[in-house]
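First the structure, in the form of structure tokens, and then the observations on it.
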Amino acid sequence: DLLQRQGHYAPPPGASEILGLECSGTIAELGEGVEGWQVGDEVCALLAGGGYAEKVVVPAVQLLPVPGEVSLVTAAGLPEVACTVWSNVVLDAGLTEGEVLLVHGGAGGIGTHAIQVGKALGATVAVTAGSAERLERCRQLGADITINYREQDFVAELAKVGGANVILDNMGAAYLGRNIDALAVGGRLAIIGMQGGTKGELNIGKLMAKRGRVSATTLRARPAQDKGRIVADVRQRLWPLVADGRVRPVVGQVVPMPEASKAHQAIEEGAFGKVLLTL
């Protein structure tokens, strides 16, 4: 949302230009041929745009039921992080029980969700964050290894446990070389952000020596059919973990929509967890 507001993240062709990549609410109307849903159902949805609007239109395959005892408002913070983490860490990188997952930016919306998913799958979870307070909150969510990136070298810390089998990275270019160094043999690096730039140098020799793999994905621009595949797997395998509380939404602030600028400021200042807007 911040990047789009600044003019750096245009919506895909045909998508709403209104900000917002996820939402929750009540179904008001069904399109022709839609099955499995009813008017009045409380749902949350993965969007390509439009989440700040009073009403949204979304392909039925991108809908999810509100899981378990999660409130309707809180559910708005689930679809994008759930689909991003699950598609990259589980579907693409194949994290399994006993492996080591390194999450950069562990205190953010993606990070707080990824910590819990990793623990629920039986992994050892390492995180980076920029303060002792944020790292402590990551520990409370289940993080096993906490690294203050301002004071510690995450490569050296991961070397103590034989490297990371999977790295979920939101930094991009700035961390590319060090992420390769931090991988275990057979490790998988999943890049989902470019906060540290778009162009970096990759030592292919190091990557080959580790038999490593680098992938870079976005969620927003994928066609509805592809998003639907991810949403279906999230509903089948992740939603039960949310419903029973093993993975829970982490909401740092709830802000009224007319004060959206305050929500953006909170994110820019490093808010812990998700910041939700309400109508």
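In the structure tokens, chains take letters A, B, ... by order of appearance, with residues numbered from 1 within each chain and ligands from 1 in the order shown.
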What lies within 8 Å of A:Glu42 using only C-alpha atoms, ignoring chain neighbours under 5 positions off, as an MDAnalysis selection string?
chainID A and resid 24:27 65:66 72
Residue selection dump (C-alpha atoms) as a PDB file, in the first residue's frame:
ATOM      1  CA  SER A  24     -13.056  -8.847   5.179  1.00  0.00           C
ATOM      2  CA  GLY A  25     -16.792  -8.325   5.150  1.00  0.00           C
ATOM      3  CA  THR A  26     -20.181  -9.827   4.375  1.00  0.00           C
ATOM      4  CA  ILE A  27     -21.246 -11.139   0.980  1.00  0.00           C
ATOM      5  CA  PRO A  65     -14.310 -18.177   5.305  1.00  0.00           C
ATOM      6  CA  VAL A  66     -13.524 -16.403   8.567  1.00  0.00           C
ATOM      7  CA  LEU A  72     -14.566 -10.345  11.196  1.00  0.00           C
TER       8      LEU A  72
END
Can you list every residue of stretch 132-235 of chain A that has an atom at most 12 Å from stretch 95-98 of chain A, with its nearest atom pair and the distance in Å to one decimal, using only C-alpha atoms, ordered by chain then number, as a Markdown table?
| residue | atom | partner | partner_atom | distance |
| --- | --- | --- | --- | --- |
| A:Val161 | CA | A:Gly98 | CA | 11.8 |
| A:Ala164 | CA | A:Leu95 | CA | 10.6 |
| A:Asn165 | CA | A:Leu95 | CA | 7.7 |
| A:Val166 | CA | A:Leu95 | CA | 6.7 |
| A:Ile167 | CA | A:Leu95 | CA | 9.8 |
| A:Leu168 | CA | A:Leu95 | CA | 10.8 |
| A:Gly186 | CA | A:Leu95 | CA | 11.7 |
| A:Gly187 | CA | A:Leu95 | CA | 9.9 |
| A:Arg188 | CA | A:Leu95 | CA | 9.0 |
| A:Leu189 | CA | A:Leu95 | CA | 11.2 |
| A:Ala190 | CA | A:Leu95 | CA | 11.2 |
**Message:** Just list as a ChimeraX atom specification whatever in stretch 19-111 of chain A DSSP marks as alpha helix (DSSP H).
**Reply:** /A:72-75,79-85,109-111
| request: Write out as a PyMOL selection string the residues lying within 10 Å of stretch 74-76 of chain A, counting only C-alpha atoms and excluding same-chain residues fewer than 4 positions away. | output: chain A and resi 21-25+42-46+51+64-67+69-70+80+248-251+254+274-278
re atom CA of A:Ala156 and atom CA of A:Thr218: distance 29.1 Å
The residue from A:Leu279, A:Val185, A:Ala120, A:Ala126 with the smallest atom-to-atom distance to A:Asp244, counting only C-alpha atoms, is A:Ala120
- Task: Identify, on the basis of only C-alpha atoms, every residue whose closest approach to stretch 170-184 of chain A does not exceed 7 Å; exclude the query and any residue fewer than 4 positions from it along the same chain; express the result as a ChimeraX atom specification.
- Result: /A:104,155,158-159,162-165,191-202,207,210
Selection above as a file: N, CA, C and O atoms, as a short mmCIF file (atom, residue, chain, number, x, y, z; two decimals), in the first residue's frame:
data_model
loop_
_atom_site.label_atom_id
_atom_site.label_comp_id
_atom_site.auth_asym_id
_atom_site.auth_seq_id
_atom_site.Cartn_x
_atom_site.Cartn_y
_atom_site.Cartn_z
N HIS A 104 13.33 -12.89 7.57
CA HIS A 104 13.79 -11.52 7.72
C HIS A 104 12.59 -10.62 7.98
O HIS A 104 11.51 -10.79 7.40
N VAL A 155 24.42 -14.29 9.15
CA VAL A 155 25.15 -15.41 8.53
C VAL A 155 25.88 -16.20 9.60
O VAL A 155 25.81 -17.44 9.64
N LEU A 158 23.38 -18.15 11.85
CA LEU A 158 22.80 -19.35 11.21
C LEU A 158 23.85 -20.44 11.03
O LEU A 158 23.51 -21.63 11.03
N ALA A 159 25.12 -20.05 10.90
CA ALA A 159 26.18 -21.06 10.76
C ALA A 159 26.25 -21.96 11.99
O ALA A 159 26.64 -23.13 11.89
N GLY A 162 24.08 -24.86 11.27
CA GLY A 162 24.26 -25.53 9.99
C GLY A 162 23.61 -24.83 8.82
O GLY A 162 23.51 -25.39 7.72
N GLY A 163 23.16 -23.60 9.03
CA GLY A 163 22.54 -22.83 7.95
C GLY A 163 21.04 -22.97 7.93
O GLY A 163 20.45 -23.79 8.64
N ALA A 164 20.40 -22.16 7.10
CA ALA A 164 18.94 -22.17 6.97
C ALA A 164 18.52 -23.01 5.77
O ALA A 164 19.08 -22.86 4.68
N ASN A 165 17.57 -23.87 5.97
CA ASN A 165 17.03 -24.66 4.86
C ASN A 165 16.13 -23.82 3.97
O ASN A 165 16.09 -24.01 2.75
N ILE A 191 12.51 -14.90 -2.25
CA ILE A 191 12.53 -13.44 -2.19
C ILE A 191 11.14 -12.91 -2.47
O ILE A 191 10.55 -13.20 -3.52
N ILE A 192 10.61 -12.12 -1.54
CA ILE A 192 9.25 -11.60 -1.70
C ILE A 192 9.19 -10.08 -1.61
O ILE A 192 8.10 -9.50 -1.63
N GLY A 193 10.34 -9.43 -1.49
CA GLY A 193 10.35 -7.98 -1.36
C GLY A 193 11.63 -7.37 -1.86
O GLY A 193 12.63 -8.07 -2.10
N MET A 194 11.61 -6.05 -2.02
CA MET A 194 12.76 -5.32 -2.56
C MET A 194 13.10 -4.11 -1.71
O MET A 194 13.55 -3.08 -2.20
N GLN A 195 12.90 -4.24 -0.40
CA GLN A 195 13.17 -3.10 0.48
C GLN A 195 14.63 -2.68 0.44
O GLN A 195 14.96 -1.53 0.69
N GLY A 196 15.51 -3.63 0.10
CA GLY A 196 16.93 -3.34 0.02
C GLY A 196 17.44 -3.21 -1.41
O GLY A 196 18.64 -3.36 -1.65
N GLY A 197 16.56 -2.88 -2.33
CA GLY A 197 16.99 -2.66 -3.71
C GLY A 197 16.64 -3.79 -4.65
O GLY A 197 16.23 -4.88 -4.24
N THR A 198 16.81 -3.52 -5.94
CA THR A 198 16.39 -4.47 -6.99
C THR A 198 17.54 -5.14 -7.73
O THR A 198 17.32 -6.13 -8.42
N LYS A 199 18.74 -4.62 -7.61
CA LYS A 199 19.86 -5.17 -8.36
C LYS A 199 20.98 -5.59 -7.41
O LYS A 199 21.49 -4.78 -6.64
N GLY A 200 21.37 -6.87 -7.49
CA GLY A 200 22.44 -7.38 -6.64
C GLY A 200 23.32 -8.33 -7.41
O GLY A 200 22.98 -8.76 -8.52
N GLU A 201 24.44 -8.67 -6.84
CA GLU A 201 25.38 -9.60 -7.49
C GLU A 201 25.27 -10.97 -6.85
O GLU A 201 25.31 -11.10 -5.62
N LEU A 202 25.11 -11.98 -7.68
CA LEU A 202 24.93 -13.36 -7.21
C LEU A 202 26.17 -14.18 -7.54
O LEU A 202 26.58 -14.26 -8.71
N LEU A 207 26.28 -20.67 -4.86
CA LEU A 207 24.95 -21.26 -4.95
C LEU A 207 25.03 -22.71 -5.42
O LEU A 207 24.36 -23.59 -4.87
N LYS A 210 26.32 -25.12 -2.78
CA LYS A 210 25.32 -25.47 -1.77
C LYS A 210 24.12 -26.19 -2.37
O LYS A 210 23.18 -26.53 -1.65
#
Query raised in the report: In Å to one decimal, how far is atom CA of A:Gly106 from atom CA of A:Leu141?
Result: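 We find that atom CA of A:Leu141 and atom CA of A:Gly106 lie 10.0 Å from each other.
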Requested in this report: Write down as number ranges by chain the residues belonging to stretch 11-240 of chain A that are assigned strand (DSSP E) by DSSP computed on the backbone.
Outcome: A: 22-26, 42-46, 63-65, 100-103, 124-129, 145-148, 164-169, 183-191, 213-216
Exercise for review: Might you pull out every residue within 9 Å of A:Glu268, with only C-alpha atoms counted and same-chain residues fewer than 4 positions away left off, and present them as a ChimeraX atom specification?
Suggested key: /A:2,263-264
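Shortest atom-to-atom contact with A:Val247 among A:Gly118, A:Pro79, A:Gly273, A:Gly14: A:Gly118, counting only C-alpha atoms.
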Correct to one decimal, the distance atom CA of A:Arg229-atom CA of A:Trp37 is 17.5 Å
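The shell of residues at most 10 Å from A:Pro12, with only C-alpha atoms counted and near chain neighbours (fewer than 5 positions) removed, consists of A:Glu17, A:Ala48, A:Gly49, A:Arg220, A:Ala221, A:Arg222, A:Pro223.
Proximity ranking of A:Pro258, A:Gly77, A:Gly122, A:Gly20 relative to A:Glu99 places A:Gly122 first, based on only C-alpha atoms.
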### Message
Could you check the closest approach to A:Ala15 for each of A:Gly270, A:Pro59, A:Gly33, A:Gly105 and tell me which residue wins, using only C-alpha atoms?
### Response
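The closest residue to A:Ala15 is A:Pro59.
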Taking 4 positions as the minimum chain separation for residues in the same chain, which residues sit within 8 Å of A:Leu19 when counting only C-alpha atoms? Answer as a PDB file with N, CA, C and O atoms, in the first residue's frame.
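What follows is the written file part-v2.pdb:
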ATOM      1  N   ASP A   1       0.831  -1.203   0.000  1.00  0.00           N
ATOM      2  CA  ASP A   1       0.000   0.000   0.000  1.00  0.00           C
ATOM      3  C   ASP A   1       0.869   1.257   0.000  1.00  0.00           C
ATOM      4  O   ASP A   1       0.569   2.238  -0.689  1.00  0.00           O
ATOM      5  N   GLN A   4       2.398   1.743  -3.487  1.00  0.00           N
ATOM      6  CA  GLN A   4       1.411   2.201  -4.465  1.00  0.00           C
ATOM      7  C   GLN A   4       1.066   3.666  -4.231  1.00  0.00           C
ATOM      8  O   GLN A   4       0.923   4.448  -5.175  1.00  0.00           O
ATOM      9  N   ARG A   5       0.924   4.050  -2.975  1.00  0.00           N
ATOM     10  CA  ARG A   5       0.637   5.448  -2.649  1.00  0.00           C
ATOM     11  C   ARG A   5       1.731   6.376  -3.175  1.00  0.00           C
ATOM     12  O   ARG A   5       1.475   7.498  -3.612  1.00  0.00           O
ATOM     13  N   GLY A  49      -6.577  -5.264  -5.633  1.00  0.00           N
ATOM     14  CA  GLY A  49      -6.738  -3.848  -5.342  1.00  0.00           C
ATOM     15  C   GLY A  49      -8.149  -3.600  -4.844  1.00  0.00           C
ATOM     16  O   GLY A  49      -9.021  -4.461  -4.935  1.00  0.00           O
ATOM     17  N   GLY A  50      -8.375  -2.421  -4.274  1.00  0.00           N
ATOM     18  CA  GLY A  50      -9.721  -2.036  -3.883  1.00  0.00           C
ATOM     19  C   GLY A  50     -10.092  -2.264  -2.443  1.00  0.00           C
ATOM     20  O   GLY A  50     -11.229  -2.006  -2.041  1.00  0.00           O
ATOM     21  N   GLY A  51      -9.172  -2.740  -1.625  1.00  0.00           N
ATOM     22  CA  GLY A  51      -9.505  -3.091  -0.257  1.00  0.00           C
ATOM     23  C   GLY A  51      -9.939  -1.926   0.617  1.00  0.00           C
ATOM     24  O   GLY A  51     -10.608  -2.122   1.625  1.00  0.00           O
ATOM     25  N   TYR A  52      -9.592  -0.683   0.241  1.00  0.00           N
ATOM     26  CA  TYR A  52      -9.991   0.472   1.030  1.00  0.00           C
ATOM     27  C   TYR A  52     -11.398   0.957   0.669  1.00  0.00           C
ATOM     28  O   TYR A  52     -11.900   1.895   1.273  1.00  0.00           O
TER      29      TYR A  52
END
